[in-house]
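Okay, upload05.txt now, which holds compact mmCIF, C-alpha atoms:
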# COMPACT_ATOMS: atom_id res chain seq x y z
CA MET A 1 0.00 0.00 0.00
CA ALA A 2 1.40 3.40 -0.99
CA MET A 3 1.93 5.91 1.79
CA ALA A 4 -0.41 8.90 1.95
CA VAL A 5 0.78 12.32 0.78
CA ASN A 6 -0.60 15.14 2.88
CA ASN A 7 -1.91 18.34 1.27
CA VAL A 8 -1.75 16.97 -2.28
CA SER A 9 -4.69 17.38 -4.64
CA VAL A 10 -5.36 15.34 -7.77
CA LEU A 11 -7.59 16.10 -10.76
CA VAL A 12 -8.70 13.25 -13.06
CA VAL A 13 -9.78 14.17 -16.60
CA ASP A 14 -11.41 11.32 -18.53
CA LYS A 15 -14.32 11.14 -20.98
CA GLU A 16 -15.32 7.80 -19.46
CA LYS A 17 -17.23 8.94 -16.36
CA GLU A 18 -17.09 5.57 -14.60
CA GLN A 19 -13.35 5.29 -15.18
CA ALA A 20 -12.74 8.82 -13.92
CA ASP A 21 -14.80 8.27 -10.78
CA VAL A 22 -13.08 4.96 -10.01
CA LEU A 23 -9.63 6.55 -10.27
CA ALA A 24 -10.61 9.61 -8.22
CA ASP A 25 -12.12 7.44 -5.46
CA ALA A 26 -9.16 5.05 -5.42
CA LEU A 27 -6.69 7.90 -5.04
CA LYS A 28 -8.42 9.32 -1.97
CA THR A 29 -6.50 6.77 0.10
CA VAL A 30 -3.18 8.49 -0.73
CA CYS A 31 -4.19 12.10 -1.42
CA ALA A 32 -5.77 14.87 0.62
CA ASP A 33 -8.19 15.63 -2.22
CA SER A 34 -9.06 14.00 -5.56
CA ARG A 35 -11.86 14.86 -7.97
CA ALA A 36 -12.93 13.99 -11.50
CA ILE A 37 -14.18 15.88 -14.56
CA TYR A 38 -15.37 14.31 -17.78
CA SER A 39 -14.20 16.43 -20.70
CA GLY A 40 -11.09 18.20 -21.89
CA THR A 41 -12.94 21.48 -22.40
CA GLN A 42 -13.60 21.64 -18.65
CA ALA A 43 -9.97 21.00 -17.75
CA ALA A 44 -8.61 24.54 -18.02
CA GLU A 45 -11.30 25.98 -15.75
CA ALA A 46 -10.88 23.12 -13.25
CA ILE A 47 -7.12 23.57 -13.18
CA LYS A 48 -7.49 27.31 -12.53
CA ARG A 49 -10.17 26.75 -9.88
CA TYR A 50 -8.62 23.86 -7.94
CA ASN A 51 -4.91 24.33 -8.76
CA PRO A 52 -4.21 20.56 -8.45
CA ASP A 53 -0.73 19.26 -7.69
CA VAL A 54 -1.19 16.26 -10.00
CA ILE A 55 -3.39 15.97 -13.12
CA ILE A 56 -4.28 12.58 -14.59
CA ALA A 57 -5.60 13.21 -18.11
CA ASP A 58 -6.86 10.99 -20.91
CA PHE A 59 -4.67 11.45 -23.98
CA ASN A 60 -7.85 11.78 -26.07
CA PRO A 61 -10.58 13.32 -23.88
CA GLY A 62 -13.10 13.03 -26.72
CA ASP A 63 -13.50 16.71 -27.58
CA SER A 64 -11.47 19.47 -29.19
CA VAL A 65 -8.94 19.58 -26.32
CA SER A 66 -6.22 16.92 -26.32
CA GLY A 67 -4.25 15.48 -23.44
CA LEU A 68 -1.20 17.41 -24.66
CA ASP A 69 -3.27 20.62 -24.57
CA ILE A 70 -4.14 19.87 -20.95
CA LEU A 71 -0.48 19.16 -20.21
CA ASN A 72 0.64 22.46 -21.75
CA PHE A 73 -2.03 24.50 -19.96
CA ALA A 74 -1.26 22.85 -16.62
CA LYS A 75 2.45 23.63 -16.96
CA GLN A 76 1.72 27.24 -17.95
CA HIS A 77 -0.64 27.69 -15.00
CA ASN A 78 1.62 25.94 -12.48
CA PRO A 79 5.07 24.71 -13.66
CA ALA A 80 5.37 22.59 -10.48
CA ALA A 81 2.25 20.57 -11.31
CA GLU A 82 2.85 17.02 -12.53
CA VAL A 83 0.78 15.56 -15.37
CA ILE A 84 0.23 11.86 -16.00
CA LEU A 85 -1.32 10.97 -19.35
CA ILE A 86 -3.34 7.79 -19.84
CA SER A 87 -4.46 6.20 -23.09
CA ALA A 88 -6.44 3.18 -24.26
CA ASN A 89 -4.19 2.87 -27.31
CA ALA A 90 -0.49 2.80 -26.57
CA SER A 91 1.60 4.81 -29.02
CA ILE A 92 5.35 5.14 -28.77
CA GLU A 93 5.29 8.47 -30.62
CA ASP A 94 2.56 9.84 -28.34
CA CYS A 95 4.51 8.75 -25.30
CA LYS A 96 7.72 10.34 -26.56
CA GLN A 97 5.90 13.58 -27.33
CA ALA A 98 4.31 13.62 -23.89
CA ILE A 99 7.64 13.07 -22.13
CA ARG A 100 9.31 15.78 -24.23
CA GLN A 101 6.59 18.26 -23.31
CA GLY A 102 6.99 17.57 -19.60
CA ALA A 103 4.60 14.74 -18.72
CA TYR A 104 5.58 12.87 -15.58
CA ASP A 105 4.43 9.51 -16.94
CA TYR A 106 2.35 7.88 -19.67
CA LEU A 107 0.17 4.89 -18.73
CA VAL A 108 -1.91 2.50 -20.80
CA LYS A 109 -5.46 1.56 -19.82
CA PRO A 110 -6.61 -0.38 -17.93
CA VAL A 111 -4.60 1.48 -15.30
CA ASP A 112 -3.17 -0.53 -12.42
CA ILE A 113 -4.49 1.28 -9.32
CA GLY A 114 -1.61 0.19 -7.09
CA GLN A 115 0.95 1.37 -9.62
CA LEU A 116 -0.88 4.67 -10.06
CA ARG A 117 -0.94 5.28 -6.31
CA ASN A 118 2.82 4.76 -6.16
CA ILE A 119 3.35 7.12 -9.10
CA ILE A 120 1.20 9.78 -7.44
CA VAL A 121 3.25 9.54 -4.24
CA GLN A 122 6.52 9.79 -6.14
CA ALA A 123 5.24 12.60 -8.38
CA ALA A 124 4.10 14.58 -5.38
CA ALA A 125 6.97 14.11 -2.99
CA GLY A 126 9.22 11.25 -4.09
CA LYS A 127 12.95 11.42 -3.72
CA VAL A 128 15.59 8.81 -4.33
CA ALA A 129 17.83 8.31 -1.29
CA GLU A 130 21.22 9.96 -1.24
CA LYS A 131 24.15 7.74 -2.22
CA PRO A 132 27.90 8.45 -2.45
CA ASP A 133 29.93 8.77 -5.64
CA ALA A 134 26.99 9.59 -7.88
CA VAL A 135 25.74 12.34 -10.13
CA ARG A 136 22.59 14.09 -8.94
CA VAL A 137 20.07 15.47 -11.42
CA SER A 138 17.05 17.47 -10.34
CA VAL A 139 14.01 17.68 -12.61
CA SER A 140 11.00 19.57 -11.21
CA ARG A 141 10.57 18.27 -7.64
CA ARG A 142 12.22 14.90 -8.23
CA ALA A 143 15.83 13.95 -7.49
CA PHE A 144 17.71 11.17 -9.23
CA ARG A 145 21.00 9.42 -8.56
CA PHE A 146 23.18 7.83 -11.22
CA ASP A 147 25.77 5.80 -9.32
CA GLY A 148 29.17 5.67 -10.96
CA VAL A 149 28.10 7.76 -13.96
CA VAL A 150 30.87 10.36 -13.94
CA GLY A 151 31.07 13.26 -16.34
CA LYS A 152 31.03 17.06 -16.47
CA ASN A 153 31.33 17.13 -20.25
CA PRO A 154 28.37 18.96 -21.88
CA LEU A 155 27.58 15.86 -23.96
CA MET A 156 27.14 13.84 -20.77
CA GLN A 157 25.39 16.61 -18.89
CA SER A 158 22.76 16.81 -21.64
CA ILE A 159 21.97 13.12 -21.09
CA PHE A 160 21.20 13.30 -17.37
CA PRO A 161 17.93 15.29 -17.63
CA VAL A 162 16.67 12.84 -20.24
CA LEU A 163 17.49 9.91 -17.96
CA ALA A 164 15.71 11.63 -15.10
CA ARG A 165 12.60 12.09 -17.24
CA VAL A 166 12.38 8.55 -18.57
CA ALA A 167 13.49 6.65 -15.45
CA PRO A 168 10.16 6.69 -13.57
CA THR A 169 8.13 5.81 -16.68
CA ASN A 170 7.61 2.47 -18.41
CA ILE A 171 8.73 3.66 -21.84
CA THR A 172 11.29 1.51 -23.68
CA VAL A 173 14.78 3.00 -23.95
CA LEU A 174 17.44 2.42 -26.61
CA ILE A 175 21.00 3.25 -25.55
CA GLU A 176 23.44 3.68 -28.42
CA GLY A 177 27.19 4.02 -28.23
CA GLU A 178 30.50 2.32 -28.87
CA SER A 179 31.64 -0.71 -26.90
CA GLY A 180 32.86 0.23 -23.44
CA THR A 181 31.05 3.57 -23.13
CA GLY A 182 28.99 2.43 -20.12
CA LYS A 183 25.65 1.50 -21.68
CA GLU A 184 24.85 -1.16 -19.08
CA LEU A 185 25.71 1.25 -16.27
CA ILE A 186 23.22 3.74 -17.73
CA ALA A 187 20.57 1.01 -18.02
CA GLN A 188 21.16 -0.03 -14.41
CA SER A 189 20.82 3.60 -13.31
CA ILE A 190 17.50 3.96 -15.14
CA HIS A 191 16.23 0.84 -13.36
CA ASN A 192 17.49 2.01 -9.96
CA ASN A 193 15.56 5.27 -10.34
CA SER A 194 12.35 3.62 -11.56
CA LEU A 195 9.26 2.32 -9.77
CA ARG A 196 10.62 -1.15 -10.55
CA SER A 197 13.83 -0.65 -8.58
CA ARG A 198 12.87 -3.15 -5.87
CA ASN A 199 12.45 -5.87 -8.48
CA ALA A 200 14.93 -7.67 -10.71
CA PHE A 201 17.31 -6.10 -13.22
CA ARG A 202 18.45 -8.81 -15.63
CA PRO A 203 21.01 -8.17 -18.40
CA ILE A 204 21.72 -10.43 -21.36
CA ASN A 205 24.20 -9.97 -24.21
CA CYS A 206 22.50 -10.92 -27.48
CA ALA A 207 25.77 -11.07 -29.45
CA GLY A 208 27.08 -14.49 -30.36
CA LEU A 209 24.00 -16.40 -29.17
CA SER A 210 22.15 -18.63 -31.62
CA GLU A 211 18.42 -18.21 -32.10
CA SER A 212 17.60 -21.37 -30.13
CA LEU A 213 19.88 -20.52 -27.21
CA LEU A 214 18.66 -16.93 -27.04
CA GLU A 215 15.03 -18.06 -27.18
CA SER A 216 15.64 -20.43 -24.27
CA GLU A 217 17.46 -17.75 -22.27
CA LEU A 218 14.69 -15.19 -22.77
CA PHE A 219 11.55 -17.34 -22.68
CA GLY A 220 12.67 -20.42 -20.75
CA HIS A 221 12.01 -24.06 -21.62
CA VAL A 222 10.23 -27.12 -20.28
CA LYS A 223 11.88 -30.40 -19.40
CA GLY A 224 12.71 -32.39 -22.53
CA ALA A 225 12.18 -29.44 -24.88
CA PHE A 226 15.49 -30.24 -26.57
CA THR A 227 18.53 -32.44 -26.10
CA GLY A 228 20.10 -31.60 -22.76
CA ALA A 229 16.98 -29.97 -21.28
CA SER A 230 16.94 -32.26 -18.25
CA GLU A 231 14.77 -29.91 -16.24
CA ALA A 232 12.46 -26.94 -16.75
CA ARG A 233 14.01 -23.49 -16.60
CA LYS A 234 12.47 -20.04 -16.32
CA GLY A 235 13.44 -17.46 -18.91
CA LEU A 236 14.69 -13.96 -18.17
CA PHE A 237 11.35 -12.40 -19.06
CA GLU A 238 9.68 -14.43 -16.33
CA ILE A 239 12.53 -13.88 -13.86
CA ALA A 240 12.43 -10.11 -14.50
CA ASP A 241 8.64 -9.87 -14.09
CA LYS A 242 7.75 -6.45 -12.59
CA GLY A 243 11.39 -5.48 -13.17
CA THR A 244 13.70 -4.56 -16.04
CA LEU A 245 15.32 -6.63 -18.79
CA PHE A 246 18.45 -5.20 -20.43
CA LEU A 247 19.06 -6.49 -23.96
CA ASP A 248 22.68 -5.62 -24.70
CA GLU A 249 23.98 -5.67 -28.29
CA ILE A 250 20.44 -6.12 -29.62
CA GLY A 251 21.71 -5.26 -33.10
CA ASP A 252 23.37 -8.69 -33.19
CA MET A 253 20.13 -10.55 -32.44
CA PRO A 254 19.28 -13.19 -35.09
CA THR A 255 16.56 -11.98 -37.47
CA ALA A 256 14.14 -14.82 -36.70
CA MET A 257 14.48 -14.09 -32.99
CA GLN A 258 13.64 -10.44 -33.59
CA ALA A 259 10.12 -11.42 -34.69
CA LYS A 260 9.60 -13.51 -31.54
CA LEU A 261 10.83 -10.68 -29.34
CA LEU A 262 8.49 -8.22 -31.04
CA ARG A 263 5.47 -10.39 -30.26
CA VAL A 264 6.40 -10.54 -26.59
CA LEU A 265 6.91 -6.77 -26.39
CA GLU A 266 3.53 -6.14 -27.99
CA ASP A 267 1.49 -8.79 -26.13
CA GLY A 268 3.35 -9.16 -22.83
CA ILE A 269 3.08 -12.96 -23.20
CA VAL A 270 5.90 -15.51 -23.35
CA VAL A 271 5.71 -19.18 -24.23
CA PRO A 272 8.59 -21.36 -22.97
CA VAL A 273 10.33 -23.53 -25.56
CA GLY A 274 8.51 -26.87 -25.85
CA SER A 275 5.37 -25.60 -24.11
CA ASN A 276 1.96 -24.32 -25.14
CA LYS A 277 1.40 -22.51 -21.86
CA GLN A 278 1.24 -18.74 -22.09
CA ILE A 279 2.83 -16.72 -19.29
CA VAL A 280 1.85 -13.08 -18.82
CA VAL A 281 4.79 -10.86 -17.88
CA ASP A 282 5.21 -7.20 -16.99
CA VAL A 283 8.76 -6.29 -17.94
CA ARG A 284 10.34 -2.99 -18.92
CA VAL A 285 12.85 -3.46 -21.72
CA ILE A 286 15.98 -1.35 -22.12
CA SER A 287 18.12 -2.14 -25.16
CA ALA A 288 21.64 -1.19 -26.18
CA THR A 289 23.74 -1.45 -29.31
CA ASN A 290 27.11 -0.39 -30.70
CA HIS A 291 25.67 -0.54 -34.22
CA ASN A 292 23.74 2.09 -36.15
CA LEU A 293 20.33 0.39 -36.02
CA ALA A 294 18.81 2.83 -38.51
CA GLU A 295 21.39 1.68 -41.08
CA LEU A 296 20.74 -1.97 -40.24
CA VAL A 297 17.02 -1.36 -40.83
CA GLU A 298 17.79 0.11 -44.26
CA GLN A 299 19.99 -2.90 -45.01
CA LYS A 300 17.13 -5.26 -43.98
CA LYS A 301 19.30 -6.69 -41.21
CA PHE A 302 17.07 -5.43 -38.40
CA ARG A 303 13.28 -5.35 -38.32
CA GLN A 304 11.85 -1.86 -38.69
CA ASP A 305 8.82 -2.62 -36.49
CA LEU A 306 11.07 -3.89 -33.68
CA TYR A 307 13.33 -0.86 -34.08
CA PHE A 308 10.44 1.53 -33.50
CA ARG A 309 9.15 -0.63 -30.64
CA ILE A 310 12.39 -0.55 -28.65
CA LYS A 311 13.23 3.05 -29.53
CA GLY A 312 10.75 4.73 -27.22
CA VAL A 313 13.46 7.16 -26.16
CA SER A 314 16.93 7.04 -27.70
CA ILE A 315 20.06 8.00 -25.75
CA THR A 316 23.51 8.18 -27.34
CA ILE A 317 26.55 7.83 -25.06
CA PRO A 318 29.58 9.73 -26.44
CA PRO A 319 32.91 7.90 -26.81
CA LEU A 320 35.67 8.79 -24.38
CA ARG A 321 37.72 10.55 -27.09
CA GLN A 322 34.93 13.15 -27.28
CA ARG A 323 34.99 13.81 -23.53
CA THR A 324 38.68 13.82 -22.64
CA GLY A 325 38.01 16.56 -20.08
CA ASP A 326 36.39 13.86 -17.94
CA ILE A 327 39.47 11.62 -17.95
CA ARG A 328 40.98 12.95 -14.72
CA GLU A 329 37.72 12.56 -12.81
CA LEU A 330 37.13 9.11 -14.28
CA ALA A 331 40.72 8.06 -13.54
CA ASN A 332 40.38 9.13 -9.90
CA TYR A 333 37.06 7.30 -9.63
CA PHE A 334 38.58 4.08 -11.02
CA LEU A 335 41.67 4.53 -8.84
CA GLN A 336 39.42 4.61 -5.78
CA GLN A 337 37.86 1.33 -6.92
CA ALA A 338 41.29 -0.19 -7.57
CA ASN A 339 42.52 0.85 -4.12
CA GLU A 340 39.59 -0.92 -2.50
CA GLU A 341 40.00 -4.03 -4.65
CA LEU A 342 43.78 -4.31 -4.34
CA GLY A 343 44.20 -3.03 -0.80
CA ARG A 344 46.34 -0.11 -1.98
CA ASP A 345 46.42 3.49 -0.77
CA ILE A 346 47.49 5.38 -3.88
CA LYS A 347 46.71 9.08 -3.42
CA GLY A 348 46.16 10.21 -7.00
CA ILE A 349 47.54 10.55 -10.52
CA SER A 350 50.15 13.00 -11.77
CA ASP A 351 49.38 15.78 -14.26
CA SER A 352 51.90 14.33 -16.75
CA ALA A 353 50.19 10.95 -16.65
CA VAL A 354 46.79 12.55 -17.14
CA GLU A 355 48.03 14.43 -20.21
CA ILE A 356 49.25 11.20 -21.79
CA LEU A 357 45.92 9.52 -21.04
CA LYS A 358 44.10 12.47 -22.64
CA ALA A 359 46.21 12.14 -25.79
CA TYR A 360 45.21 8.51 -26.31
CA GLU A 361 42.20 7.65 -28.50
CA TRP A 362 40.72 4.96 -26.20
CA PRO A 363 39.23 2.48 -28.70
CA GLY A 364 37.88 0.52 -25.70
CA ASN A 365 36.45 3.70 -24.15
CA ILE A 366 35.68 3.86 -20.41
CA ARG A 367 36.02 0.10 -19.93
CA GLN A 368 39.57 0.30 -21.31
CA LEU A 369 40.40 3.30 -19.10
CA ARG A 370 39.12 1.45 -16.04
CA ASN A 371 41.30 -1.57 -16.81
CA THR A 372 44.27 0.69 -17.54
CA ILE A 373 43.99 2.45 -14.19
CA ARG A 374 43.74 -0.91 -12.43
CA THR A 375 46.87 -2.14 -14.24
CA MET A 376 48.69 1.07 -13.29
CA ALA A 377 47.64 0.62 -9.67
CA VAL A 378 49.10 -2.90 -9.70
CA LEU A 379 52.41 -1.72 -11.19
CA CYS A 380 52.75 1.50 -9.15
CA ASP A 381 55.52 1.45 -6.52
CA SER A 382 54.78 4.89 -5.05
CA ASP A 383 51.76 6.71 -3.67
CA VAL A 384 50.94 8.51 -6.97
CA LEU A 385 50.28 7.04 -10.41
CA ASP A 386 52.83 8.46 -12.83
CA VAL A 387 53.95 8.25 -16.46
CA ARG A 388 56.14 5.20 -15.81
CA ASP A 389 53.05 3.25 -14.70
CA ILE A 390 51.17 3.75 -17.98
CA PRO A 391 51.06 0.61 -20.19
CA ALA A 392 53.50 0.68 -23.08
CA GLU A 393 50.88 0.47 -25.84
CA ILE A 394 49.37 3.78 -24.73
CA HIS A 395 52.80 5.44 -24.77
CA HIS A 396 53.42 3.97 -28.22
CA VAL A 397 50.30 5.43 -29.75
CA ARG A 398 50.99 8.81 -28.19
CA ARG A 399 54.44 8.91 -29.79
CA LEU A 400 52.94 8.07 -33.16
CA THR A 401 50.43 10.91 -32.85
CA GLY A 402 52.74 13.48 -31.25
CA SER A 403 53.56 16.89 -32.64
CA SER A 404 57.25 16.24 -33.47
CA ASP A 405 58.58 16.58 -37.01
CA GLU A 406 58.92 12.80 -37.37
CA ALA A 407 55.40 12.06 -36.10
CA THR A 408 52.75 10.93 -38.52
CA ALA A 409 49.07 11.56 -37.81
CA LEU A 410 47.07 8.36 -37.86
CA SER A 411 43.37 7.81 -38.47
CA LEU A 412 41.20 6.40 -35.70
CA ASN A 413 41.07 3.03 -37.49
CA GLU A 414 44.86 2.96 -37.76
CA LEU A 415 45.21 3.78 -34.07
CA GLU A 416 42.75 1.05 -33.16
CA ARG A 417 44.52 -1.46 -35.39
CA GLN A 418 47.90 -0.55 -33.89
CA ALA A 419 46.55 -0.88 -30.35
CA ILE A 420 45.28 -4.38 -31.16
CA VAL A 421 48.59 -5.36 -32.78
CA ASP A 422 50.49 -4.14 -29.71
CA ALA A 423 48.16 -5.93 -27.31
CA LEU A 424 48.45 -9.21 -29.22
CA ALA A 425 52.24 -8.90 -29.28
CA LYS A 426 52.38 -8.10 -25.57
CA THR A 427 50.24 -11.17 -24.74
CA GLU A 428 51.92 -13.49 -27.26
CA ASN A 429 48.70 -13.68 -29.31
CA ASN A 430 46.61 -14.75 -26.34
CA ARG A 431 43.29 -13.24 -27.44
CA GLU A 432 41.63 -13.56 -24.05
CA LYS A 433 44.45 -11.65 -22.36
CA ALA A 434 44.64 -9.13 -25.23
CA ALA A 435 40.93 -8.39 -24.92
CA LYS A 436 41.31 -7.77 -21.18
CA LEU A 437 44.31 -5.54 -21.80
CA LEU A 438 42.36 -3.48 -24.33
CA GLY A 439 39.30 -3.37 -22.10
CA ILE A 440 36.98 -4.89 -24.71
CA GLY A 441 35.05 -8.14 -25.03
CA GLU A 442 36.58 -11.18 -26.70
CA ARG A 443 33.86 -11.24 -29.36
CA THR A 444 34.61 -7.61 -30.17
CA LEU A 445 38.32 -8.41 -30.44
CA TYR A 446 37.65 -11.37 -32.74
CA ARG A 447 35.52 -9.14 -34.96
CA LYS A 448 38.23 -6.45 -35.08
CA ILE A 449 40.94 -9.00 -35.88
CA LYS A 450 38.88 -10.16 -38.83
CA GLU A 451 38.06 -6.60 -39.85
CA TYR A 452 41.74 -5.55 -39.86
CA ASN A 453 42.90 -8.89 -41.34
CA LEU A 454 45.33 -9.52 -38.50
Hey, can you dump this file as C-alpha cells for me?
Amino acid sequence: MAMAVNNVSVLVVDKEKEQADVLADALKTVCADSRAIYSGTQAAEAIKRYNPDVIIADFNPGDSVSGLDILNFAKQHNPAAEVILISANASIEDCKQAIRQGAYDYLVKPVDIGQLRNIIVQAAAGKVAEKPDAVRVSVSRRAFRFDGVVGKNPLMQSIFPVLARVAPTNITVLIEGESGTGKELIAQSIHNNSLRSRNAFRPINCAGLSESLLESELFGHVKGAFTGASEARKGLFEIADKGTLFLDEIGDMPTAMQAKLLRVLEDGIVVPVGSNKQIVVDVRVISATNHNLAELVEQKKFRQDLYFRIKGVSITIPPLRQRTGDIRELANYFLQQANEELGRDIKGISDSAVEILKAYEWPGNIRQLRNTIRTMAVLCDSDVLDVRDIPAEIHHVRRLTGSSDEATALSLNELERQAIVDALAKTENNREKAAKLLGIGERTLYRKIKEYNL
C-alpha cells in the first residue's frame, strides 16, 4: 500500500465517467483531495479553480482539447504541477511527445491502481535516497542518482535530464554508443531510479547467441524441450517480471528471434520452448547497441517494427575521445575502486600521466580506461600514479600521434589497429588476455581482428 501524501490534490480528466470516478475514489487513500471531470474542455477551468498538484488526463478526452493541450495548460498555469497521461491505445510516438513536453508519466489503460498510487506519491513528494559517488540530477521536484556515472562534459550533462525524465516511466529505452562507453551502467541507473527498482534487473548480451539458445534464455524451456533440457528453466522475461530486462547488443540478435521478441513486447506474453502454456509478464525493456540500427534497418538486417518498438526514447553515449576533459575525474574514480579491490592506498595521478591519457584515443572507451587504471595501480611502486606506470601500448600510440617533425598523424582506425597489434604482441597472441588488456570483449576483439585482417 502506498503511503499517503498530505496536502496533495489530484484532478482526473477522462471522458469515461465511470473510469474517472473509479480513479478519483481510489486515489483518496493516498491524497488529501481527488476529484474527476469528464471532458477536456472543462480541464482549463478546473485547473485554474482547484490548482491541483497532479493531473491525470486521458490522452484523447473526446473533444477538441487533447491530453497534450491539458499538459501544456497545466504547466503554464503551475510549472510545479505534474501531469500523468493515460491512453487506451499505446503509441510510442505519443509517449515520446508527452515526455518531451513535460509529462511525468504515460500509462496504458486499464490502469493498475496500485501502480498509479505509487506514481502519485513519487510525483508529489518522491525522492531517491542519497548515495555516495553519484551524479545528482534534479528535474522539477524529483531527485535522481546515477551511481558511478561520472562526467562534467556537456555531452554527458545533456543526457542526465533525459534519464531523469524517462526513469520513472515504463517507456522503452534504446541506448546507443561504442563498446565500453557504459551502456549497461546507464541502463542499471534507469532501473534504480524507476518504480521497478525493488524488483529484478536482468542483463543479457545478445551477441554471439544462436536463435535457439537466445530463445531459451529469454523465454525459458520445459523439461525435454530439446537435447540436454533435463529440467524446466524459467526465462529472463519471467525472472524479471515487474522489473527490467536489459538487452545488450540487440543489433546482433538473429533476425528470426527479432520477430519472436516483437510479439512478446507487444502482447506481454511468453511461451517457454517446448510448451503451449502462455505466461503473462510485466517487464520494462531497455536495449543497447554499438551498431547504427537505422542503417541496419535500411539494409534489412534489423526489423523496422522492432526498431520503432524498442526506440521509445533514444540515448547516445559519447565515446571517451569526445569527452577527454572527464578523464581525470574518471581516472580518480577508477583509482578509488582499484585501491579498494587491491588493498592499496594510492593518493592520485600525476598531471603528466593525465596528459598522456588524454592524448590517447581509447578504442575501448571507459572500460579500457578502467582496466588501464587498475593495471597502473598494480604496477605502481609509489603513492601517486605516474607516467612510468602507464602501459606501453598507450605510450606507443601517443608517440605516433605526437607533434614532433617525425610524427605521422594516424586515423582512428589505424590507431585502433595498432593498439590491437600491440596488445596481441604483448600477450603473445593470447586473445583472451589481449581483450582484457584493451578493455573490450573477446567477441569484439575477434571481430576487429577479422576486420583488420590480423
>> Please report the interatomic distance between atom CA of A:Val13 and atom CA of A:Asn193 in Å with one decimal.
In response: 27.6 Å
> Pick the closest to A:Gly274 from A:Val222, A:Leu385, A:Ile190, A:Leu369: which is it, counting all atoms listed in the file?
Replying inline: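 Under the stated criterion, the closest residue is A:Val222.
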> So which one's closest to A:Ala435, A:Gly312, A:Gly228, A:Gly180, A:Gly235? Using all atoms listed in the file, please.
Replying inline: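 Checking each candidate against A:Ala435, we get A:Gly180 as the closest.
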> Of the candidates A:Val149, A:Ile440, A:Ile394, A:Val54, which shows the shortest atom-to-atom distance to A:Ala419, using all atoms listed in the file?
Replying inline: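 Closest candidate: A:Ile394.
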>> Would you pick out the contacts of A:Arg165 at 9 Å or less, using all atoms listed in the file, so that residues sharing its chain but fewer than 2 positions from it are not included, and give the list as a ChimeraX atom specification?
In response: /A:99-100,102-105,139,160-163,167-169
> Quick one: distance from atom CA of A:Ala88 to atom CA of A:Val108 in Å, one decimal?
Replying inline: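 Atom-to-atom, atom CA of A:Ala88 to atom CA of A:Val108, that is 5.7 Å.
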> Could you state the separation of atom CA of A:Asp383 and atom CA of A:Leu335 in Å, given to one decimal place?
Replying inline: 11.5 Å
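If you measure from each of A:Gln299, A:Leu379, A:Ser39, A:Pro363 to A:Ala338 using all atoms listed in the file, the closest one turns out to be A:Leu379.
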> Taking into account only C-alpha atoms, which residue in the set A:Gly40, A:Gly208, A:Gly325, A:Gly114 is nearest to A:Glu442?
Replying inline: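 Among the listed residues, the smallest separation from A:Glu442 belongs to A:Gly208.
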Missing atoms in stretch 425-437 of chain A should be modelled up to N, CA and C atoms and reported as a PDB file, in the coordinates of the input.
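Output contents, as saved in result01.pdb:
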ATOM      1  N   ALA A 425      50.805  -8.649 -29.431  1.00  0.00           N
ATOM      2  CA  ALA A 425      52.240  -8.900 -29.280  1.00  0.00           C
ATOM      3  C   ALA A 425      52.617  -9.004 -27.805  1.00  0.00           C
ATOM      4  N   LYS A 426      52.059  -8.133 -27.005  1.00  0.00           N
ATOM      5  CA  LYS A 426      52.380  -8.100 -25.570  1.00  0.00           C
ATOM      6  C   LYS A 426      51.910  -9.380 -24.874  1.00  0.00           C
ATOM      7  N   THR A 427      50.809  -9.970 -25.375  1.00  0.00           N
ATOM      8  CA  THR A 427      50.240 -11.170 -24.740  1.00  0.00           C
ATOM      9  C   THR A 427      50.573 -12.448 -25.501  1.00  0.00           C
ATOM     10  N   GLU A 428      51.499 -12.335 -26.458  1.00  0.00           N
ATOM     11  CA  GLU A 428      51.920 -13.490 -27.260  1.00  0.00           C
ATOM     12  C   GLU A 428      50.714 -14.131 -27.949  1.00  0.00           C
ATOM     13  N   ASN A 429      49.880 -13.267 -28.528  1.00  0.00           N
ATOM     14  CA  ASN A 429      48.700 -13.680 -29.310  1.00  0.00           C
ATOM     15  C   ASN A 429      47.640 -14.418 -28.480  1.00  0.00           C
ATOM     16  N   ASN A 430      47.677 -14.209 -27.178  1.00  0.00           N
ATOM     17  CA  ASN A 430      46.610 -14.750 -26.340  1.00  0.00           C
ATOM     18  C   ASN A 430      45.426 -13.778 -26.417  1.00  0.00           C
ATOM     19  N   ARG A 431      44.395 -14.174 -27.166  1.00  0.00           N
ATOM     20  CA  ARG A 431      43.290 -13.240 -27.440  1.00  0.00           C
ATOM     21  C   ARG A 431      42.494 -12.898 -26.190  1.00  0.00           C
ATOM     22  N   GLU A 432      42.370 -13.843 -25.284  1.00  0.00           N
ATOM     23  CA  GLU A 432      41.630 -13.560 -24.050  1.00  0.00           C
ATOM     24  C   GLU A 432      42.355 -12.475 -23.246  1.00  0.00           C
ATOM     25  N   LYS A 433      43.681 -12.626 -23.107  1.00  0.00           N
ATOM     26  CA  LYS A 433      44.450 -11.650 -22.360  1.00  0.00           C
ATOM     27  C   LYS A 433      44.507 -10.301 -23.097  1.00  0.00           C
ATOM     28  N   ALA A 434      44.592 -10.355 -24.433  1.00  0.00           N
ATOM     29  CA  ALA A 434      44.640  -9.130 -25.230  1.00  0.00           C
ATOM     30  C   ALA A 434      43.342  -8.337 -25.081  1.00  0.00           C
ATOM     31  N   ALA A 435      42.222  -9.053 -25.080  1.00  0.00           N
ATOM     32  CA  ALA A 435      40.930  -8.390 -24.920  1.00  0.00           C
ATOM     33  C   ALA A 435      40.847  -7.692 -23.567  1.00  0.00           C
ATOM     34  N   LYS A 436      41.323  -8.376 -22.515  1.00  0.00           N
ATOM     35  CA  LYS A 436      41.310  -7.770 -21.180  1.00  0.00           C
ATOM     36  C   LYS A 436      42.222  -6.553 -21.124  1.00  0.00           C
ATOM     37  N   LEU A 437      43.362  -6.657 -21.778  1.00  0.00           N
ATOM     38  CA  LEU A 437      44.310  -5.540 -21.800  1.00  0.00           C
ATOM     39  C   LEU A 437      43.709  -4.325 -22.489  1.00  0.00           C
TER      40      LEU A 437
END
